[in-house]
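Chemist: I have a structure here, written as structure tokens, and I will follow up with some questions on it.
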Amino acid sequence: MDKQQLSKDILKLVGGEENVDQVTHCMTRLRFNLNDNKKADKATLKNTPGVMGVMENGGQFQVIIGNDVPVVYNALVGNMSKGANAGSSGASASTGEKKKRNPISALFDFISGMFTPILPAITGAGMIKGIVAILVALGWLSDTSSTYIILSAIGDGAFYFLPIILAVSAARKLGSNMYIAAALAAGIMHPTITALLADGHNSSFMGITVIAATYSSTVIPIVLAVWIASYVEKAVDRVIHASLKLLIVPTVTLLIMVPLTLMTVGPLGTVLGNGLSGGISWLFDNMSIFASILIGGTMSLLIITGMHYALLPIVVGSMTTLGYDFIIPLMFAANLAQGGAAFGVGLRSKNAQTKSLAYSTGLTAIMGITEPAMYGINMKFKKPFIAALSGGAIAGAFMGIFNVKSYVITGLAGLPSIAAFISPAVSTLIYALIGGLIAIVAAAIITYILGFKEDNAPQPAATTPAAEPATAATTAAPAVTEEAKAQDEQIFSPMTGEVKPLSEVPDPAFSEEIMGKGFAIQPTEGRAVSPINGTVFSLSKSGHAIGLVSDTGAEMLIHIGIDTVKLKGQFFSPKVQAGAKVSVGDVLMEFDREEIEKAGYTTITPVIITNMHQYESIESAGRTTITEKELIYTAKA
């Protein structure tokens, strides 16, 4: 798939560059801050090849791509004149200012926007810490060697100087100067300040008490400080003449904020951070099983809503103050449960395409990337998603009983992060592995038992959309038992008329491409001919819908008009029967276009491929008017 074209399509469908305030990405999603979410064409985005789903959470407009998201993101930013911050000055075209969000949404947006860019640094450092732990545990590396010291420093560096990294990211999100924020963090972490406060005794600044606190590896103190600093910086900037801004703004901001942080903001943030970590520790010490079942069973829901980012400060705080964390093991269990549920779908499915997708996305999920399995399989079939939540809760209960902890932040909570559970007590690693296995097996078994409605199972080509359940009986040829291997399929026009996008069809079953992809024709003549060489697969008794399958396996539906099933065959004259072999141009149906329209029905005719899961994309022939037997589009395999 052409990632450049995909990025252009996405940018256009989110409302264009002028509607983008900011865009970033995580492991699987493009995360947009749009000036106006209503300008985004959500329905078309969902059905764009290469897009797995679209969500709005925490004030963000999220486009789910999968593992290729970095490539698509880079292409998208390259197409924007102002890069990832295009439109940052952009007011909404309709209102002249950005929309307001409720405080909770704004908070989640801020947390996710701050942590998402720094995840690669945390993940890389965490993996190095895990590798070092493995090497020491296996006896391949001495914890007194210089190699160990250097590797440990590489792994610990991002966490020790986390306040500086966070300061830059938070300032970027807040729209303040990132380097002033970094200087603020560096000031409170300077070795002389650290030494001054290290003995636990309070000091003073100009007669005001400076409370002893340690700021390395902390989260909340620097976030609060940068937030306040953004207001100080902007206030100073407003009153200083342009010729003096470079000199005065950073000087005044740092002179105010570093002492203020040391005297008030830093200690307050430290108390809040320690309180959160202590509260989580108390919860797991006293209500371990309940907390583990609750978090393990709802973690996937938190991920869907974007609320899991709110846990990151707690995780980092626990890791730095306690040396371990209880939440990462539960995220590990929830992710593996998503993979297990997808495996369950693969075991039960009768559709070769679904089986392949389920197994591949299931494997991706247990490696820590859950979105393909979650959105592409489990949520699609619904019951497997319930099974995944149940598997996460069951595995969570096991991990709660055996007090499983994580000792390293590794980013992805999947099998590659297993090093996070290595500790002097080897049992922790063993229990984590058993818990992960329980998550996979439980979710797979529950999925298999619950079952699911497999809408994409091989079946005769549909003769009417879901919106018309009362369609009269159809005559059909014998069912196709095997799917032909897909190849490029040229679709020729069955009618003379105007070519329309499916979005203009007044029926969501077609306009939202629920039935399949293709184009529609507004006919100017009253007959339909075969668009392919193949077989008439089914013919509605009312005559308004014809199903065909090409010689190379494309299953097609020609649906003449909308709601014309209600005419019960009036004004329709079929010229073929189900099972008939046809070639391009053979007459399938004659109909009285004028009488149908006089009866109050539109004759716009969708010409779609219903087994689009076998094809990569639809390529238009570019015609706006067309005659019978002219190429209308190509289905690309």
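Please note that chains go A, B, ... in the order of the structure tokens, that every chain numbers its residues from 1, and that ligands are numbered from 1 in the order shown.
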Can you pull out the residues contacting Lys39 in chain A? Cut-off 7 Å, using only C-alpha atoms, and skip same-chain residues under 3 positions away; I want them as a list in words.

Modeler: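 Surrounding residues, per the criterion: Val14, Gly15 and Asp36 of chain A.
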
Chemist: Could you please take those selected residues and save N, CA and C atoms as a CSV table (one decimal), in the first residue's frame?

Modeler:
chain,number,residue,atom,x,y,z
A,14,VAL,N,-9.3,14.4,7.6
A,14,VAL,CA,-9.4,15.0,9.0
A,14,VAL,C,-9.7,16.5,8.9
A,15,GLY,N,-10.0,17.0,7.7
A,15,GLY,CA,-10.4,18.4,7.5
A,15,GLY,C,-9.3,19.3,6.9
A,36,ASP,N,-11.5,21.4,14.9
A,36,ASP,CA,-12.9,21.1,14.9
A,36,ASP,C,-13.1,19.6,14.5

Chemist: Could you pull out all residues of range 317-365 of chain A with a DSSP call of helix (DSSP H, G or I) and give them as a PyMOL selection string?

Modeler: chain A and resi 317-321+327-348+352-365

Chemist: So that I can check the surroundings of range 585-591 of chain A, please list as a PyMOL selection string every protein, DNA and RNA residue that reaches within 7 Å of it, counting only C-alpha atoms and ignoring chain neighbours fewer than 6 positions away.

Modeler: chain A and resi 526-531+571-576+629

Chemist: As a PDB file with N, CA and C atoms, in the first residue's frame, please: the residues near Ala213 in chain A (cut-off 8 Å, only C-alpha atoms, same-chain neighbours under 3 positions excluded).

Modeler:
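The new file result-v3.pdb reads:
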ATOM      1  N   LEU A 197      20.263  19.239  49.385  1.00  0.00           N
ATOM      2  CA  LEU A 197      19.033  18.704  49.946  1.00  0.00           C
ATOM      3  C   LEU A 197      19.127  17.216  50.281  1.00  0.00           C
ATOM      4  N   ALA A 198      20.285  16.616  49.984  1.00  0.00           N
ATOM      5  CA  ALA A 198      20.394  15.164  50.116  1.00  0.00           C
ATOM      6  C   ALA A 198      20.373  14.683  51.549  1.00  0.00           C
ATOM      7  N   GLY A 200      18.517  15.504  53.930  1.00  0.00           N
ATOM      8  CA  GLY A 200      17.190  15.488  54.548  1.00  0.00           C
ATOM      9  C   GLY A 200      16.867  16.706  55.368  1.00  0.00           C
ATOM     10  N   GLY A 266       7.780  21.867  43.976  1.00  0.00           N
ATOM     11  CA  GLY A 266       8.489  20.588  44.033  1.00  0.00           C
ATOM     12  C   GLY A 266       8.091  19.741  45.216  1.00  0.00           C
ATOM     13  N   PRO A 267       8.135  20.282  46.449  1.00  0.00           N
ATOM     14  CA  PRO A 267       7.710  19.492  47.601  1.00  0.00           C
ATOM     15  C   PRO A 267       6.257  19.038  47.500  1.00  0.00           C
ATOM     16  N   THR A 270       6.123  16.240  45.085  1.00  0.00           N
ATOM     17  CA  THR A 270       6.715  15.044  45.688  1.00  0.00           C
ATOM     18  C   THR A 270       5.735  14.362  46.629  1.00  0.00           C
TER      19      THR A 270
END

Chemist: For range 240-256 of chain A, work out the shell of residues within 12 Å, counting only C-alpha atoms and skipping chain neighbours fewer than 3 positions away, then give it as a count of residues only.

Modeler: 33

Chemist: Applying 8 Å and only C-alpha atoms, which residues near Asn611 in chain A remain after dropping the ones on its own chain fewer than 6 positions away? List them as a list in words.

Modeler: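 What passes the distance filter is Gly516, Ala554, Glu555 and Met556 of chain A.
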
Chemist: So what do you get for CA of Lys383 in chain A versus CA of Gln338 in chain A, distance-wise?

Modeler: 11.8 Å

Chemist: Neighbouring residues of range 330-336 of chain A were defined as those with any atom within 7 Å, considering only C-alpha atoms; residues of the same chain fewer than 6 positions away were excluded. Please report them as a PyMOL selection string.

Modeler: chain A and resi 292+295-297+299-300+365-366+368+370+392+395-396+413-414+435-436+439-440

Chemist: Between CA of Gly553 in chain A and CA of Asp488 in chain A, what is the spacing in Å?

Modeler: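 CA of Asp488 in chain A sits 10.1 Å away from CA of Gly553 in chain A.
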
Chemist: Could you check how far CA of Asn33 in chain A sits from CA of Asp21 in chain A, in Å to one decimal?

Modeler: 5.4 Å

Chemist: With only C-alpha atoms as the basis for distance, which of A:Ala137, A:Val404, A:Val20, A:Ala387 is at the shortest distance from Ile430 in chain A?

Modeler: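 Once distances to Ile430 in chain A are computed over only C-alpha atoms, the minimum belongs to A:Val404.
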
Chemist: Considering only C-alpha atoms, state which residue in the set A:Ala443, A:Ile532, A:Met189, A:Ile10 is at the smallest distance from Thr48 in chain A.

Modeler: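 Result for the nearest residue to Thr48 in chain A: A:Ile10.
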